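**Q** Just passing along the structure, written as structure tokens.
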Amino acid sequence: MVGALNSFVKSKRCLTPPARSTFCRPLACAIALAGLVLIPSLAQSAAGLASRDGAASRPHVYLMRGLLNIFSLGMDQLAVQIERHGIDASVYNHTLADGVVNEIVTKYRAGDHGPYILVGHSLGADAVMTMAQRLNGLGVPVALVVPVDGTGSYLAPKNVACVLNLTQRDYAYMRPGAGFHGMLNNVDFSGDPGIDHLTIDKSPRVQAQALRYVLQTAHAETCRPGINGPAVAGPKEMLTPHEASPAKIVVPTKSASTALRSGYED
């Protein structure tokens, strides 16, 4: 269309109209000249809008520390590794979980659809499971939840695409809640020397597993809400001798010291 307008304006009929031209020809020339100015501007505006829309959603990782905000510094270490890959990562104490949920809801309703990734250690691990349950009740999808050695067992809500539970306890296992059709892996580190509740979040092996899941989720290679089903495998080369496959969820063999918590599972 721009080419046609250029041709019309440059023609002798437009630039040097004969004296007997009617009113219509100058009017047509004016319209054509206006088009040459407006069309590039409109095209630039459309390109700008498309660019903004494409940039509106980006990965966000929220990491939650445990008791007293001093025993889960592995979350800070993991956040630094994540940010080195150009992904937003923020660390909070588990007591601020409600505020983080409100922030995620605000972003989601403003058009930023993530993906949203939740990682936590100890009481922070409990927090990310309850945060996912709250977000389920508020209609916000969560791509990945990574509880690290939580203090109890929880049900994964249906808004979550993937749960990677990293634990050295024999009772803190996660199970599918009502409507959950994503990937759920319980990874047992109880046989690894040097790993206990206070060190598991700082373990290079544990951090490497969490980081790989986070990066592949952030790049939409896996754990996409609304797409992943029970048959979808987790991140590549992630299965280990201690890891339960998605089709065979490990459940506690002893009586759990903490009852299974369901929250918003509907």
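Residues in the structure tokens are numbered from 1 in each chain, the chains being A, B, ... in the order shown, and ligands are numbered from 1 in the order shown.
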So that I can see what lies close to Gly177 in chain A, please list as a list of chain:residue names the residues with an atom at most 7 Å from it, counting only C-alpha atoms and leaving out residues fewer than 4 positions away in the same chain.
**A**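 The neighbour list is A:Leu155, A:Ala156, A:Pro157, A:Lys158, A:Glu265.
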**Q** Take the residues from that selection and put them in a file with N, CA and C atoms, as a PDB file, in the first residue's frame.
**A**
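part.pdb written:
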```
ATOM      1  N   LEU A 155      -0.277 -32.301  49.366  1.00  0.00           N
ATOM      2  CA  LEU A 155      -0.856 -32.702  48.088  1.00  0.00           C
ATOM      3  C   LEU A 155      -0.592 -31.628  47.043  1.00  0.00           C
ATOM      4  N   ALA A 156      -0.153 -32.037  45.866  1.00  0.00           N
ATOM      5  CA  ALA A 156       0.087 -31.098  44.769  1.00  0.00           C
ATOM      6  C   ALA A 156      -1.243 -30.696  44.150  1.00  0.00           C
ATOM      7  N   PRO A 157      -1.554 -29.409  44.075  1.00  0.00           N
ATOM      8  CA  PRO A 157      -2.834 -28.965  43.501  1.00  0.00           C
ATOM      9  C   PRO A 157      -2.815 -29.024  41.977  1.00  0.00           C
ATOM     10  N   LYS A 158      -3.985 -28.908  41.397  1.00  0.00           N
ATOM     11  CA  LYS A 158      -4.133 -29.128  39.959  1.00  0.00           C
ATOM     12  C   LYS A 158      -3.574 -28.001  39.100  1.00  0.00           C
ATOM     13  N   GLU A 265      -7.297 -27.996  47.241  1.00  0.00           N
ATOM     14  CA  GLU A 265      -7.035 -29.061  46.282  1.00  0.00           C
ATOM     15  C   GLU A 265      -8.138 -29.199  45.254  1.00  0.00           C
TER      16      GLU A 265
END
```
**Q** So that each row is one residue of range 144-239 of chain A with an atom at most 7 Å from range 66-90 of chain A, can you give its shortest atom pair and the distance in Å to one decimal, using only C-alpha atoms, rows by chain and rising number, as CSV?
**A**
```
residue,atom,partner,partner_atom,distance
A:Leu198,CA,A:Phe71,CA,6.6
A:Asp201,CA,A:Gly74,CA,4.8
A:Lys202,CA,A:Gly74,CA,4.4
A:Gln207,CA,A:Leu78,CA,6.5
A:Leu211,CA,A:Ile82,CA,7.0
```
**Q** Going by DSSP on the backbone, which residues of range 116-209 of chain A come out as strand (DSSP E)? List them as a VMD selection string.
**A** chain A and resid 116 to 121 142 to 148 155 to 156 160 to 167 175 to 176 183 to 188
**Q** Where in range 78-123 of chain A does DSSP assign alpha helix (DSSP H), given as an MDAnalysis selection string?
**A** chainID A and resid 78:83 97:109 123
**Q** Name all residues at most 10 Å from Ala97 in chain A (count only C-alpha atoms; drop same-chain ones fewer than 6 positions away) and give them as a VMD selection string.
**A** chain A and resid 62 64 103 124 127 to 128 130 to 131
**Q** Filtering to N, CA and C atoms, could you give me those residues as a PDB file, in the first residue's frame?
**A**
```pdb
ATOM      1  N   TYR A  62      10.727 -17.585  42.767  1.00  0.00           N
ATOM      2  CA  TYR A  62      10.611 -17.120  44.146  1.00  0.00           C
ATOM      3  C   TYR A  62      11.175 -18.203  45.059  1.00  0.00           C
ATOM      4  N   MET A  64      12.119 -19.385  49.001  1.00  0.00           N
ATOM      5  CA  MET A  64      11.675 -19.128  50.365  1.00  0.00           C
ATOM      6  C   MET A  64      12.616 -19.799  51.369  1.00  0.00           C
ATOM      7  N   GLU A 103       1.748 -10.733  45.241  1.00  0.00           N
ATOM      8  CA  GLU A 103       2.551 -10.165  44.147  1.00  0.00           C
ATOM      9  C   GLU A 103       2.374 -10.972  42.865  1.00  0.00           C
ATOM     10  N   GLY A 124      10.346 -23.111  54.429  1.00  0.00           N
ATOM     11  CA  GLY A 124      10.148 -22.515  53.121  1.00  0.00           C
ATOM     12  C   GLY A 124       9.625 -23.515  52.114  1.00  0.00           C
ATOM     13  N   ALA A 127       6.109 -23.756  52.789  1.00  0.00           N
ATOM     14  CA  ALA A 127       5.475 -22.534  52.302  1.00  0.00           C
ATOM     15  C   ALA A 127       5.185 -22.607  50.806  1.00  0.00           C
ATOM     16  N   VAL A 128       6.129 -23.133  49.992  1.00  0.00           N
ATOM     17  CA  VAL A 128       5.886 -23.126  48.549  1.00  0.00           C
ATOM     18  C   VAL A 128       4.743 -24.070  48.173  1.00  0.00           C
ATOM     19  N   THR A 130       2.048 -24.644  50.155  1.00  0.00           N
ATOM     20  CA  THR A 130       0.810 -23.951  50.520  1.00  0.00           C
ATOM     21  C   THR A 130       0.572 -22.745  49.611  1.00  0.00           C
ATOM     22  N   MET A 131       1.648 -22.115  49.149  1.00  0.00           N
ATOM     23  CA  MET A 131       1.514 -21.003  48.193  1.00  0.00           C
ATOM     24  C   MET A 131       0.896 -21.502  46.889  1.00  0.00           C
TER      25      MET A 131
END
```
**Q** Hey, what's within 12 Å of Pro193 in chain A if we count only C-alpha atoms and toss same-chain stuff fewer than 6 positions away? As a list of chain:residue names, please?
**A**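 Near Pro193 in chain A, the qualifying residues are A:Gln168, A:Thr199, A:Ile200, A:Ser203, A:Arg205.
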**Q** Write the residues you've just listed into a file as a PDB file, in the first residue's frame, and include N, CA and C atoms for each of them.
**A**
```
ATOM      1  N   GLN A 168      15.543 -35.587  52.439  1.00  0.00           N
ATOM      2  CA  GLN A 168      16.294 -36.667  53.073  1.00  0.00           C
ATOM      3  C   GLN A 168      15.492 -37.267  54.231  1.00  0.00           C
ATOM      4  N   THR A 199      22.089 -29.103  55.701  1.00  0.00           N
ATOM      5  CA  THR A 199      23.053 -29.001  54.598  1.00  0.00           C
ATOM      6  C   THR A 199      22.441 -29.299  53.232  1.00  0.00           C
ATOM      7  N   ILE A 200      21.257 -29.880  53.194  1.00  0.00           N
ATOM      8  CA  ILE A 200      20.708 -30.327  51.918  1.00  0.00           C
ATOM      9  C   ILE A 200      20.516 -29.176  50.938  1.00  0.00           C
ATOM     10  N   SER A 203      23.866 -28.398  49.266  1.00  0.00           N
ATOM     11  CA  SER A 203      24.536 -29.477  48.557  1.00  0.00           C
ATOM     12  C   SER A 203      24.653 -29.152  47.068  1.00  0.00           C
ATOM     13  N   ARG A 205      24.981 -31.150  44.617  1.00  0.00           N
ATOM     14  CA  ARG A 205      24.168 -32.086  43.830  1.00  0.00           C
ATOM     15  C   ARG A 205      22.687 -31.707  43.880  1.00  0.00           C
TER      16      ARG A 205
END
```
**Q** Can you tell me which residues surround Ala210 in chain A at a distance of at most 9 Å, considering only C-alpha atoms, apart from same-chain residues fewer than 2 positions away, and format the answer as a PyMOL selection string?
**A** chain A and resi 78+119+146+164+166+205-208+212-215
**Q** Could you turn the residues from that selection into a file that holds C-alpha atoms, as a compact mmCIF listing (two decimals), in the first residue's frame?
**A**
```
# COMPACT_ATOMS: atom_id res chain seq x y z
CA LEU A 78 20.68 -20.96 44.09
CA VAL A 119 11.50 -23.07 45.51
CA VAL A 146 10.63 -27.39 44.30
CA LEU A 164 10.26 -31.80 42.30
CA LEU A 166 14.09 -33.03 47.19
CA ARG A 205 24.17 -32.09 43.83
CA VAL A 206 20.82 -30.92 45.19
CA GLN A 207 21.31 -27.42 43.80
CA ALA A 208 22.30 -28.85 40.40
CA ARG A 212 18.32 -27.81 35.86
CA TYR A 213 14.58 -28.09 36.46
CA VAL A 214 14.31 -24.32 36.93
CA LEU A 215 16.21 -23.49 33.74
```
**Q** By how many Å are CA of Ala125 in chain A and CA of Val105 in chain A apart?
**A**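 About the pair CA of Ala125 in chain A and CA of Val105 in chain A: they are 19.8 Å apart.
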**Q** Smallest atom-to-atom distance to Val163 in chain A: which of A:His197, A:Lys107, A:Arg58, A:Arg224, using only C-alpha atoms?
**A**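 For Val163 in chain A, the nearest of the candidates is A:Arg224.
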**Q** Rank A:Val91, A:Ala56, A:Val148, A:Cys162 by their smallest atom-to-atom distance to Asp188 in chain A, using only C-alpha atoms, and report the top residue only.
**A**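 Checking each of A:Val91, A:Ala56, A:Val148, A:Cys162 against Asp188 in chain A, counting only C-alpha atoms, the winner is A:Val148.
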**Q** Pick from A:Thr151, A:Asn102, A:Gln133, A:Gln216: nearest to Arg169 in chain A, with only C-alpha atoms counted?
**A**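 Using only C-alpha atoms, Arg169 in chain A sits closest to A:Thr151.
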